[in-house]
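Pasted below: work25.cif, mmCIF, C-alpha atoms.
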```cif
data_final
loop_
_atom_site.label_atom_id
_atom_site.label_comp_id
_atom_site.auth_asym_id
_atom_site.auth_seq_id
_atom_site.Cartn_x
_atom_site.Cartn_y
_atom_site.Cartn_z
CA MET A 23 99.42 67.93 35.61
CA ASP A 24 103.14 67.34 35.01
CA ILE A 25 105.04 67.85 38.22
CA SER A 26 107.95 65.69 39.32
CA ARG A 27 107.99 63.90 42.63
CA ARG A 28 110.96 66.07 43.74
CA GLU A 29 109.12 69.29 42.82
CA PHE A 30 105.97 68.17 44.62
CA THR A 31 107.85 67.25 47.81
CA LYS A 32 109.78 70.53 47.76
CA PHE A 33 106.59 72.56 47.39
CA GLY A 34 104.75 70.53 50.03
CA CYS A 35 107.57 70.95 52.56
CA ARG A 36 107.62 74.71 51.99
CA VAL A 37 103.87 74.99 52.52
CA ILE A 38 103.99 72.94 55.75
CA ILE A 39 106.98 74.82 57.20
CA GLY A 40 105.48 78.16 56.18
CA ALA A 41 102.12 77.38 57.74
CA ALA A 42 103.72 76.17 60.98
CA ALA A 43 105.97 79.21 61.26
CA GLY A 44 103.05 81.53 60.45
CA THR A 45 100.80 80.11 63.15
CA ALA A 46 103.66 80.17 65.65
CA ILE A 47 104.29 83.86 64.95
CA ILE A 48 100.61 84.80 65.16
CA GLU A 49 100.23 82.67 68.29
CA SER A 50 103.15 84.39 70.01
CA ILE A 51 101.75 87.84 69.19
CA VAL A 52 98.19 86.98 70.14
CA THR A 53 98.64 85.05 73.39
CA ASN A 54 100.10 86.81 76.36
CA SER A 55 103.51 85.11 76.66
CA SER A 56 101.65 81.91 77.74
CA ALA A 57 100.08 81.34 81.16
CA SER A 58 102.53 82.29 83.89
CA GLU A 59 103.00 80.13 86.97
CA ASN A 60 103.11 83.08 89.34
CA SER A 61 100.48 84.11 91.81
CA PRO A 62 98.83 87.53 91.70
CA ALA A 63 100.68 90.06 93.84
CA GLY A 64 100.50 89.94 97.63
CA GLU A 65 101.46 87.59 100.44
CA TYR A 66 98.89 85.00 99.54
CA ASP A 67 100.21 82.31 97.18
CA TRP A 68 97.42 80.53 95.38
CA ASN A 69 99.63 77.59 94.46
CA GLU A 70 99.81 76.59 98.13
CA HIS A 71 96.06 76.23 98.64
CA TYR A 72 93.19 74.24 97.26
CA TRP A 73 89.95 75.01 99.02
CA GLY A 74 87.17 72.64 99.99
CA TYR A 75 83.83 72.93 101.78
CA VAL A 76 81.83 70.53 103.92
CA VAL A 77 78.13 70.77 104.73
CA ASP A 78 76.78 68.69 107.61
CA THR A 79 73.05 68.39 106.85
CA ARG A 80 72.48 66.60 110.17
CA LYS A 81 73.40 69.74 112.09
CA CYS A 82 71.59 72.41 110.05
CA ILE A 83 68.69 74.06 111.93
CA GLY A 84 67.45 76.17 109.01
CA CYS A 85 67.91 79.54 110.71
CA GLY A 86 69.11 81.14 107.48
CA ARG A 87 71.87 83.20 109.13
CA CYS A 88 74.28 81.94 106.44
CA ALA A 89 72.16 83.28 103.58
CA ASN A 90 71.67 86.54 105.46
CA ALA A 91 75.38 87.00 106.18
CA CYS A 92 76.26 86.14 102.58
CA LYS A 93 74.00 88.85 101.20
CA LEU A 94 75.42 91.46 103.57
CA GLU A 95 79.04 90.48 103.00
CA ASN A 96 78.87 90.28 99.24
CA ASP A 97 76.48 93.08 98.37
CA VAL A 98 73.89 90.72 96.87
CA PRO A 99 70.62 92.63 96.14
CA PHE A 100 68.89 92.07 99.47
CA ASP A 101 65.26 92.36 98.42
CA GLU A 102 65.53 90.30 95.26
CA PRO A 103 65.03 86.53 95.22
CA VAL A 104 68.65 85.84 94.28
CA TYR A 105 71.06 83.98 96.56
CA ARG A 106 74.66 82.88 96.57
CA THR A 107 73.82 80.42 99.30
CA TRP A 108 70.46 79.31 100.60
CA VAL A 109 68.88 76.56 102.70
CA GLU A 110 66.35 74.11 101.31
CA ARG A 111 63.79 72.24 103.39
CA TYR A 112 62.93 68.67 102.40
CA ARG A 113 59.80 67.10 103.83
CA THR A 114 58.71 63.58 103.03
CA LEU A 115 55.01 63.24 103.88
CA LYS A 116 53.41 60.05 105.15
CA ASP A 117 51.71 59.57 101.75
CA GLY A 118 55.17 59.50 100.11
CA GLU A 119 55.09 62.96 98.56
CA VAL A 120 58.31 64.97 98.87
CA LYS A 121 57.94 68.71 99.40
CA ILE A 122 60.96 70.95 98.79
CA ASP A 123 60.93 74.66 99.51
CA SER A 124 63.19 77.56 100.42
CA PRO A 125 61.09 80.67 101.17
CA ASN A 126 63.28 83.76 100.58
CA GLY A 127 66.32 81.50 100.56
CA SER A 128 65.67 80.77 104.27
CA ILE A 129 66.63 84.34 105.33
CA ASP A 130 63.30 84.83 107.15
CA GLY A 131 63.37 81.31 108.58
CA PHE A 132 60.85 78.54 107.97
CA ILE A 133 57.26 78.18 109.16
CA ASP A 134 55.71 74.75 109.70
CA ASP A 135 52.79 74.92 107.26
CA ILE A 136 52.25 71.16 107.30
CA PRO A 137 51.17 69.55 110.62
CA ALA A 138 53.95 67.50 112.19
CA GLU A 139 51.80 64.36 112.28
CA ASP A 140 51.65 64.28 108.44
CA ILE A 141 55.43 64.40 108.08
CA LYS A 142 57.48 61.23 107.95
CA LYS A 143 60.89 62.79 107.60
CA ALA A 144 62.10 66.36 107.41
CA PHE A 145 65.50 68.03 107.22
CA TYR A 146 67.34 71.08 105.91
CA VAL A 147 70.00 71.11 103.20
CA PRO A 148 72.23 74.17 102.80
CA LYS A 149 73.13 74.84 99.18
CA ILE A 150 76.01 76.82 97.74
CA CYS A 151 78.12 76.92 94.58
CA ASN A 152 80.01 73.62 94.41
CA HIS A 153 83.12 75.20 92.88
CA CYS A 154 83.38 72.21 90.57
CA ASP A 155 86.79 71.05 89.45
CA ASN A 156 85.19 70.51 86.05
CA PRO A 157 82.81 73.47 85.96
CA PRO A 158 80.16 73.50 83.21
CA CYS A 159 79.60 77.23 83.74
CA VAL A 160 83.21 77.99 82.82
CA GLN A 161 83.01 75.79 79.76
CA VAL A 162 80.00 77.61 78.33
CA CYS A 163 81.18 81.19 78.89
CA PRO A 164 81.75 82.65 75.41
CA VAL A 165 84.12 85.44 76.50
CA GLY A 166 86.28 83.96 79.27
CA ALA A 167 84.57 86.00 81.97
CA THR A 168 84.37 83.09 84.41
CA TYR A 169 87.19 80.78 85.38
CA GLU A 170 88.63 78.51 88.04
CA THR A 171 91.56 79.94 89.99
CA ARG A 172 94.62 77.83 90.89
CA ASP A 173 93.31 77.47 94.43
CA GLY A 174 90.10 75.93 93.13
CA VAL A 175 87.59 78.78 93.32
CA VAL A 176 85.28 79.58 90.41
CA LEU A 177 85.06 83.35 89.97
CA VAL A 178 83.29 85.82 87.68
CA ASP A 179 85.04 88.75 85.98
CA TYR A 180 82.40 91.45 86.42
CA ASP A 181 84.12 93.85 84.02
CA TYR A 182 84.33 91.30 81.25
CA CYS A 183 80.99 89.51 81.61
CA ILE A 184 78.56 90.45 78.84
CA GLY A 185 75.51 89.22 80.77
CA CYS A 186 74.41 86.56 78.29
CA ARG A 187 73.33 84.25 81.16
CA TYR A 188 74.58 81.13 79.42
CA CYS A 189 76.43 80.12 82.59
CA ILE A 190 73.24 80.46 84.64
CA GLN A 191 71.65 77.92 82.29
CA GLY A 192 74.77 75.76 82.34
CA CYS A 193 75.01 75.34 86.10
CA PRO A 194 73.27 72.08 87.09
CA TYR A 195 73.05 73.22 90.72
CA GLY A 196 71.25 76.54 90.16
CA ALA A 197 74.05 78.29 91.99
CA ARG A 198 74.34 81.27 89.63
CA TYR A 199 72.04 84.23 89.31
CA PHE A 200 71.78 87.43 87.31
CA ASN A 201 72.81 90.50 89.30
CA SER A 202 70.41 93.23 88.21
CA GLU A 203 72.65 95.96 89.67
CA LYS A 204 75.88 94.89 88.00
CA LYS A 205 74.07 93.58 84.89
CA THR A 206 76.31 90.52 84.96
CA ALA A 207 76.12 86.92 86.06
CA ASP A 208 77.06 86.50 89.71
CA LYS A 209 77.79 83.65 92.07
CA CYS A 210 79.38 82.54 95.30
CA THR A 211 83.12 83.23 95.47
CA TRP A 212 83.63 81.32 98.74
CA CYS A 213 84.30 84.87 99.91
CA TYR A 214 87.56 84.98 97.97
CA HIS A 215 88.31 88.42 99.46
CA ARG A 216 88.13 86.84 102.93
CA ILE A 217 89.81 83.46 102.45
CA THR A 218 92.84 85.05 100.79
CA LYS A 219 93.26 87.12 103.97
CA GLY A 220 93.01 84.07 106.22
CA LEU A 221 89.38 84.63 107.22
CA LEU A 222 86.51 82.18 106.87
CA PRO A 223 83.70 82.68 104.33
CA ALA A 224 80.87 84.76 105.83
CA CYS A 225 78.38 81.86 105.75
CA VAL A 226 80.75 79.52 107.59
CA GLN A 227 81.42 82.15 110.23
CA ALA A 228 77.72 82.97 110.63
CA CYS A 229 76.54 79.36 111.08
CA PRO A 230 75.61 78.97 114.77
CA VAL A 231 75.76 75.16 114.80
CA GLY A 232 78.87 74.40 112.73
CA ALA A 233 76.96 72.83 109.86
CA ARG A 234 79.31 74.51 107.39
CA LYS A 235 83.05 73.90 107.39
CA PHE A 236 85.69 75.38 105.16
CA GLY A 237 89.36 74.54 104.77
CA ASP A 238 92.36 73.74 102.66
CA LEU A 239 92.41 70.38 100.90
CA LYS A 240 96.19 70.71 100.44
CA ASP A 241 96.73 70.96 104.21
CA PRO A 242 96.63 67.41 105.66
CA ASP A 243 95.71 68.75 109.12
CA SER A 244 92.85 70.97 107.99
CA ILE A 245 89.37 70.40 109.37
CA ILE A 246 88.17 69.55 105.87
CA ASN A 247 90.64 66.70 105.44
CA LYS A 248 89.81 65.40 108.90
CA ILE A 249 86.12 65.22 108.00
CA LEU A 250 86.80 63.68 104.58
CA ASP A 251 88.93 61.00 106.25
CA GLU A 252 86.47 60.14 109.00
CA GLU A 253 82.95 60.77 107.75
CA ARG A 254 80.84 59.18 105.02
CA ILE A 255 80.52 61.92 102.50
CA ASN A 256 78.93 62.50 99.13
CA VAL A 257 78.58 65.29 96.61
CA LEU A 258 75.53 66.55 94.72
CA LYS A 259 74.86 64.95 91.32
CA PRO A 260 78.14 63.00 91.19
CA ASP A 261 76.99 61.34 87.96
CA LEU A 262 77.40 64.61 86.03
CA GLY A 263 81.18 64.41 86.37
CA THR A 264 81.46 68.03 87.51
CA LYS A 265 83.69 67.01 90.45
CA PRO A 266 82.18 69.32 93.09
CA LYS A 267 84.31 70.45 96.02
CA VAL A 268 81.37 70.93 98.38
CA TYR A 269 81.05 67.66 100.29
CA TYR A 270 77.89 66.68 102.16
CA ILE A 271 77.51 64.59 105.29
CA GLY A 272 74.15 62.85 105.69
CA LEU A 273 72.91 63.49 102.18
CA ASP A 274 69.46 62.00 101.53
CA ARG A 275 68.71 60.37 98.19
CA GLU A 276 65.91 62.88 97.59
CA VAL A 277 68.41 65.76 97.54
CA ARG A 278 69.34 66.87 94.06
CA MET B 27 103.32 83.51 40.74
CA GLN B 28 100.19 84.31 38.81
CA PRO B 29 98.87 87.86 39.41
CA HIS B 30 95.44 86.80 40.69
CA LEU B 31 97.09 84.60 43.30
CA LYS B 32 99.42 87.42 44.28
CA ARG B 33 96.43 89.69 44.89
CA ALA B 34 94.68 87.05 46.95
CA PHE B 35 97.73 86.44 49.15
CA THR B 36 98.28 90.17 49.69
CA LEU B 37 94.68 90.54 50.76
CA LEU B 38 95.03 87.57 53.14
CA ALA B 39 98.18 89.05 54.66
CA LEU B 40 96.43 92.39 55.17
CA VAL B 41 93.48 90.69 56.86
CA ILE B 42 95.81 88.81 59.23
CA ILE B 43 97.71 91.98 60.13
CA ALA B 44 94.45 93.86 60.70
CA PHE B 45 93.19 91.03 62.91
CA ILE B 46 96.34 91.03 65.05
CA PHE B 47 96.17 94.83 65.36
CA VAL B 48 92.49 94.96 66.35
CA ARG B 49 92.91 92.07 68.76
CA ALA B 50 95.84 93.76 70.49
CA LEU B 51 93.66 96.83 71.00
CA VAL B 52 90.53 95.03 72.19
CA VAL B 53 91.90 92.28 74.47
CA PRO B 54 92.86 93.49 77.99
CA ALA B 55 96.55 93.33 78.85
CA SER B 56 96.24 90.70 81.56
CA PHE B 57 94.05 88.36 79.53
CA GLY B 58 95.79 84.98 79.36
CA GLN B 59 98.16 85.76 82.19
CA TYR B 60 97.06 82.69 84.16
CA GLY B 61 94.61 81.06 81.78
CA TRP B 62 91.82 81.98 79.43
CA TYR B 63 90.62 84.89 81.52
CA ARG B 64 91.62 88.40 82.61
CA GLY B 65 94.33 87.95 85.26
CA ASP B 66 93.55 91.30 86.90
CA SER B 67 90.02 90.19 87.74
CA VAL B 68 91.46 87.86 90.41
CA GLU B 69 92.86 90.94 92.13
CA ASP B 70 89.57 92.80 91.67
CA THR B 71 87.65 90.03 93.44
CA ARG B 72 90.25 89.81 96.18
CA ASN B 73 90.10 93.54 96.89
CA ARG B 74 86.42 93.56 97.84
CA PRO B 75 85.92 95.09 101.30
CA VAL B 76 85.40 92.69 104.22
CA GLU B 77 82.16 93.25 106.18
CA TYR B 78 82.29 90.57 108.90
CA ALA B 79 85.24 90.99 111.26
CA GLY B 80 84.86 87.77 113.30
CA SER B 81 84.32 87.34 117.05
CA ILE B 82 88.03 87.47 117.88
CA SER B 83 88.19 91.11 116.78
CA CYS B 84 85.56 91.90 119.42
CA GLY B 85 87.46 90.26 122.29
CA GLU B 86 91.15 90.58 121.46
CA GLU B 87 91.54 94.29 122.20
CA ASN B 88 90.28 95.51 125.55
CA CYS B 89 87.02 96.62 123.95
CA HIS B 90 84.47 93.92 124.81
CA LYS B 91 86.65 91.59 126.88
CA ILE B 92 84.22 90.90 129.72
CA ILE B 93 81.18 90.06 127.63
CA TYR B 94 83.49 88.11 125.31
CA SER B 95 84.79 85.94 128.15
CA VAL B 96 81.22 85.31 129.37
CA TRP B 97 80.09 84.34 125.89
CA ALA B 98 83.18 82.23 125.14
CA LYS B 99 82.47 79.91 128.11
CA ASP B 100 78.80 79.28 127.50
CA ARG B 101 76.47 77.39 125.22
CA HIS B 102 76.18 80.19 122.70
CA LYS B 103 79.93 80.18 122.05
CA THR B 104 79.28 78.58 118.65
CA VAL B 105 77.16 81.60 117.69
CA ASN B 106 79.49 84.25 116.31
CA CYS B 107 79.02 87.79 117.71
CA GLU B 108 78.08 89.15 114.30
CA THR B 109 75.45 86.48 113.69
CA CYS B 110 73.18 88.51 116.00
CA HIS B 111 74.95 91.89 116.10
CA GLY B 112 75.41 92.25 112.36
CA PRO B 113 78.48 92.90 110.22
CA SER B 114 80.92 95.08 112.18
CA GLU B 115 84.22 95.32 110.31
CA LYS B 116 83.65 99.07 109.84
CA HIS B 117 83.08 99.39 113.61
CA VAL B 118 86.35 97.54 114.30
CA GLY B 119 88.18 100.00 112.05
CA ASN B 120 86.48 103.05 113.53
CA VAL B 121 84.60 102.77 116.84
CA ARG B 122 82.51 105.81 116.00
CA ILE B 123 80.72 103.82 113.30
CA MET B 124 78.22 101.77 115.27
CA PRO B 125 76.69 98.58 113.87
CA PRO B 126 72.88 98.45 114.04
CA PRO B 127 71.67 97.26 117.47
CA ALA B 128 71.30 93.49 117.86
CA ASN B 129 67.88 92.15 117.04
CA ASP B 130 66.49 90.90 120.36
CA SER B 131 62.94 90.21 119.17
CA ARG B 132 61.22 86.94 119.96
CA ASP B 133 61.02 86.07 116.26
CA PHE B 134 64.77 86.50 115.86
CA CYS B 135 65.49 84.02 118.67
CA GLY B 136 62.82 81.84 117.10
CA LEU B 137 64.79 81.57 113.85
CA CYS B 138 66.85 79.01 115.74
CA HIS B 139 64.72 78.02 118.72
CA PHE B 140 61.06 77.76 117.65
CA LYS B 141 59.97 74.15 117.32
CA ARG B 142 60.26 73.06 113.68
CA ALA B 143 59.75 69.58 112.27
CA ALA B 144 62.87 69.70 110.11
CA ARG B 145 65.27 70.63 112.94
CA PRO B 146 67.46 68.00 114.57
CA ALA B 147 65.37 66.67 117.49
CA ASN B 148 68.16 67.18 120.06
CA PHE B 149 68.49 70.90 119.27
CA PRO B 150 66.97 73.10 122.05
CA GLN B 151 63.58 74.27 120.80
CA ILE B 152 60.46 75.77 122.39
CA ASP B 153 56.87 75.57 121.25
CA PRO B 154 55.99 79.19 120.39
CA GLU B 155 52.31 78.50 121.16
CA THR B 156 52.74 77.21 124.71
CA HIS B 157 56.02 78.85 125.84
CA ASN B 158 55.89 82.09 127.84
CA LYS B 159 55.03 84.88 125.37
CA LEU B 160 57.33 87.52 126.90
CA LYS B 161 60.43 88.82 125.17
CA CYS B 162 63.04 86.03 125.39
CA THR B 163 65.75 88.30 126.79
CA TYR B 164 63.63 89.06 129.90
CA CYS B 165 64.52 85.60 131.19
CA HIS B 166 67.37 84.32 129.00
CA SER B 167 70.66 86.15 128.58
CA PRO B 168 71.73 85.71 124.96
CA HIS B 169 75.39 85.67 125.99
CA LYS B 170 74.88 83.09 128.75
CA PRO B 171 71.64 81.39 127.79
CA TRP B 172 71.35 78.91 130.69
CA PHE B 173 71.52 81.57 133.39
CA ILE B 174 67.90 82.65 133.92
#
```
Take the structure in the file and give it back as structure tokens.
Amino acid sequence: MDISRREFTKFGCRVIIGAAAGTAIIESIVTNSSASENSPAGEYDWNEHYWGYVVDTRKCIGCGRCANACKLENDVPFDEPVYRTWVERYRTLKDGEVKIDSPNGSIDGFIDDIPAEDIKKAFYVPKICNHCDNPPCVQVCPVGATYETRDGVVLVDYDYCIGCRYCIQGCPYGARYFNSEKKTADKCTWCYHRITKGLLPACVQACPVGARKFGDLKDPDSIINKILDEERINVLKPDLGTKPKVYYIGLDREVR
Amino acid sequence: MQPHLKRAFTLLALVIIAFIFVRALVVPASFGQYGWYRGDSVEDTRNRPVEYAGSISCGEENCHKIIYSVWAKDRHKTVNCETCHGPSEKHVGNVRIMPPPANDSRDFCGLCHFKRAARPANFPQIDPETHNKLKCTYCHSPHKPWFI
């Protein structure tokens, strides 16, 4: 091949510039004028908030009013075994066995089916979507139907979800379920329709003992920041690097 | 340029144009507005109707002021009105729409107050086997539980 150095360089430069310009043009047509910094319309500005949640397992009495309120507030199929939030019961028996159950997500309460004298330790643990800062469910969605908002809430786009259930598999906390009425994946939204109006999530409001707390991590005086400053807290499965924003007080090592 | 290359490049250009055209048709307008998702879906989620109004809505107007002030001073003040009375936002908006009556059965009180091994020991609990078997509300007022 007889081509001079000058010719080769000229041709190479043209190809590189052409390719760069081409991608830039396609990119500008395809993407929607790049992600805007604005908030969706309305008084609520999502740049001013970053929500967090605290569960105090020492206070929970396992009444299941949270799971009940959640289903009624969010139109979750009531008679199906799917839950956006639920309460688990952990019982360590005297022989060392750990029994974990959550009959009907705790909505009908719990019945002591093991005599008290066989139990060494027992407690309830409320569970809910952790609204991870590094959410595996968002990563695996093939169509961009689930995402984290600027104020730190992981939501599902019910019109865009194709119902492939990959996210349900991807969630290490079992917080997602398949909504048989909508035919899409579904999950806790921290009652996004309530918190953006200044209300508390339905489960937090329904809890009779204050085992669930909700607040703004960006507000230094919020109840959440007060608890995070004073209490010894942990998150579920911290080793996965999902950076959950549901913080637990009094978390036992058996809880996963 | 050689003719076979010319043909190939023309074809490539056509494919790219077709791709851009189809994509513009298929992808919703607000996709990518805030990130790799449909921006309008944030609004959709936010516009869901609220079902639980909160206890303050019951007491702030003159509607249920007396029972509200009784409740707000007593031990059950941490139990929101709607935890027993059910979601009532529709009732707040239109008083003709009544929420279902509060569940005053023994089992409903027992959701919190029957003795259970996993409950915190200092939480008030009764043994459902030995405690008086009458309806709880015959003796205990749910709004002022320590007044028998």
Could you list as a short mmCIF file (atom, residue, chain, number, x, y, z; two decimals) with C-alpha atoms, in the coordinates of the input every residue that has an atom within 9 Å of (91.3, 88.1, 83.1), using the file's coordinates and counting only C-alpha atoms?
```
data_model
loop_
_atom_site.label_atom_id
_atom_site.label_comp_id
_atom_site.auth_asym_id
_atom_site.auth_seq_id
_atom_site.Cartn_x
_atom_site.Cartn_y
_atom_site.Cartn_z
CA GLY A 166 86.28 83.96 79.27
CA ALA A 167 84.57 86.00 81.97
CA THR A 168 84.37 83.09 84.41
CA TYR A 169 87.19 80.78 85.38
CA ASP A 179 85.04 88.75 85.98
CA TYR A 182 84.33 91.30 81.25
CA PRO B 54 92.86 93.49 77.99
CA ALA B 55 96.55 93.33 78.85
CA SER B 56 96.24 90.70 81.56
CA PHE B 57 94.05 88.36 79.53
CA GLY B 58 95.79 84.98 79.36
CA GLN B 59 98.16 85.76 82.19
CA TYR B 60 97.06 82.69 84.16
CA GLY B 61 94.61 81.06 81.78
CA TRP B 62 91.82 81.98 79.43
CA TYR B 63 90.62 84.89 81.52
CA ARG B 64 91.62 88.40 82.61
CA GLY B 65 94.33 87.95 85.26
CA ASP B 66 93.55 91.30 86.90
CA SER B 67 90.02 90.19 87.74
CA VAL B 68 91.46 87.86 90.41
#
```
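All chain A residues having an atom within 6 Å of chain B, based on only C-alpha atoms, amount to A:Asn54, A:Ala57, A:Ser58, A:Ile83, A:Cys85, A:Glu95, A:Gly131, A:Ala144, A:Phe145, A:Gly166, A:Asp179, A:Tyr214, A:His215, A:Ala228, A:Pro230.
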**OP:** Just give me the gap between CA of His71 in chain A and CA of Lys219 in chain A in Å, one decimal is fine.
**Re:**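 Atom-to-atom, CA of His71 in chain A to CA of Lys219 in chain A, that is 12.4 Å.
Distance-wise, CA of Tyr66 in chain A and CA of Thr218 in chain A end up 6.2 Å apart.
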For the provided coordinates, the residues matched by the PyMOL selection byres ((chain A and resi 70) around 10) should be stated as a compact mmCIF listing (two decimals) with C-alpha atoms, in the frame of the given file.
```
# COMPACT_ATOMS: atom_id res chain seq x y z
CA SER A 61 100.48 84.11 91.81
CA TYR A 66 98.89 85.00 99.54
CA ASP A 67 100.21 82.31 97.18
CA TRP A 68 97.42 80.53 95.38
CA ASN A 69 99.63 77.59 94.46
CA HIS A 71 96.06 76.23 98.64
CA TYR A 72 93.19 74.24 97.26
CA ARG A 172 94.62 77.83 90.89
CA ASP A 173 93.31 77.47 94.43
CA ASP A 238 92.36 73.74 102.66
CA LYS A 240 96.19 70.71 100.44
CA ASP A 241 96.73 70.96 104.21
```
**OP:** For CA of Asp97 in chain A and CA of Asp208 in chain A, quote the distance in Å rounded to one decimal.
**Re:**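 Answer for the CA of Asp97 in chain A to CA of Asp208 in chain A separation: 10.9 Å.
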Original post:
Using all atoms listed in the file, which of A:Lys116, A:Lys235, A:Arg87, A:Lys149 sits nearest Arg278 in chain A?
Top reply: A:Lys149
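For the residues B:Pro29, B:Glu86, B:His169, B:Pro127, ranking by smallest atom-to-atom distance to Ala98 in chain B using all atoms listed in the file places B:His169 first.
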Original post:
With distances taken over only C-alpha atoms, which of A:Lys204, A:Arg28, A:Lys142, A:Arg80 is nearest to Arg234 in chain A?
Top reply: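 Smallest distance to Arg234 in chain A is found for A:Arg80.
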Original post:
Using only C-alpha atoms, which of A:Ile184, A:Ile141, A:Cys189, A:Ile129 sits nearest Val160 in chain A?
Top reply: A:Cys189
**OP:** Identify all residues satisfying the PyMOL selection byres ((chain A and resi 79) around 12) in the given file; provide them as number ranges by chain.
**Re:** A: 76-78, 80-84, 109-112, 144-149, 231-235, 255-256, 269-274, 277; B: 144-146
**OP:** Rank nothing, just name the residue among A:Leu222, A:Gln161, A:Lys248, A:Thr211 nearest to Tyr188 in chain A, using only C-alpha atoms.
**Re:** A:Gln161
**OP:** Excluding Asn90 in chain A and any residue of its chain fewer than 6 positions from it, enumerate the residues within 10 Å of it, using all atoms listed in the file, and give them as a list in words.
**Re:**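 Here the qualifying residues turn out to be Val98, Phe100, Tyr105, Thr107, Trp108, Gly127, Ser128, Ile129, Asp130, Ala224, Cys225 and Ala228 of chain A; Thr109 and Gly112 of chain B.
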Written file, previous selection with C-alpha atoms, as a PDB file, in the frame of the given file:
```pdb
ATOM      1  CA  VAL A  98      73.890  90.720  96.870  1.00  0.00           C
ATOM      2  CA  PHE A 100      68.890  92.070  99.470  1.00  0.00           C
ATOM      3  CA  TYR A 105      71.060  83.980  96.560  1.00  0.00           C
ATOM      4  CA  THR A 107      73.820  80.420  99.300  1.00  0.00           C
ATOM      5  CA  TRP A 108      70.460  79.310 100.600  1.00  0.00           C
ATOM      6  CA  GLY A 127      66.320  81.500 100.560  1.00  0.00           C
ATOM      7  CA  SER A 128      65.670  80.770 104.270  1.00  0.00           C
ATOM      8  CA  ILE A 129      66.630  84.340 105.330  1.00  0.00           C
ATOM      9  CA  ASP A 130      63.300  84.830 107.150  1.00  0.00           C
ATOM     10  CA  ALA A 224      80.870  84.760 105.830  1.00  0.00           C
ATOM     11  CA  CYS A 225      78.380  81.860 105.750  1.00  0.00           C
ATOM     12  CA  ALA A 228      77.720  82.970 110.630  1.00  0.00           C
TER      13      ALA A 228
ATOM     14  CA  THR B 109      75.450  86.480 113.690  1.00  0.00           C
ATOM     15  CA  GLY B 112      75.410  92.250 112.360  1.00  0.00           C
TER      16      GLY B 112
END
```
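Selection result for the displayed file, with the PyMOL selection byres ((chain A and resi 262) around 12) as criterion, is A:Cys154, A:Asp155, A:Asn156, A:Pro157, A:Pro158, A:Cys193, A:Pro194, A:Tyr195, A:Val257, A:Leu258, A:Lys259, A:Pro260, A:Asp261, A:Gly263, A:Thr264, A:Lys265, A:Pro266, A:Arg278.
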Original post:
Nearest to Trp97 in chain B among B:Ser167, B:Ala34, B:His157, B:Leu51, with distances taken over only C-alpha atoms: which residue is it?
Top reply: B:Ser167
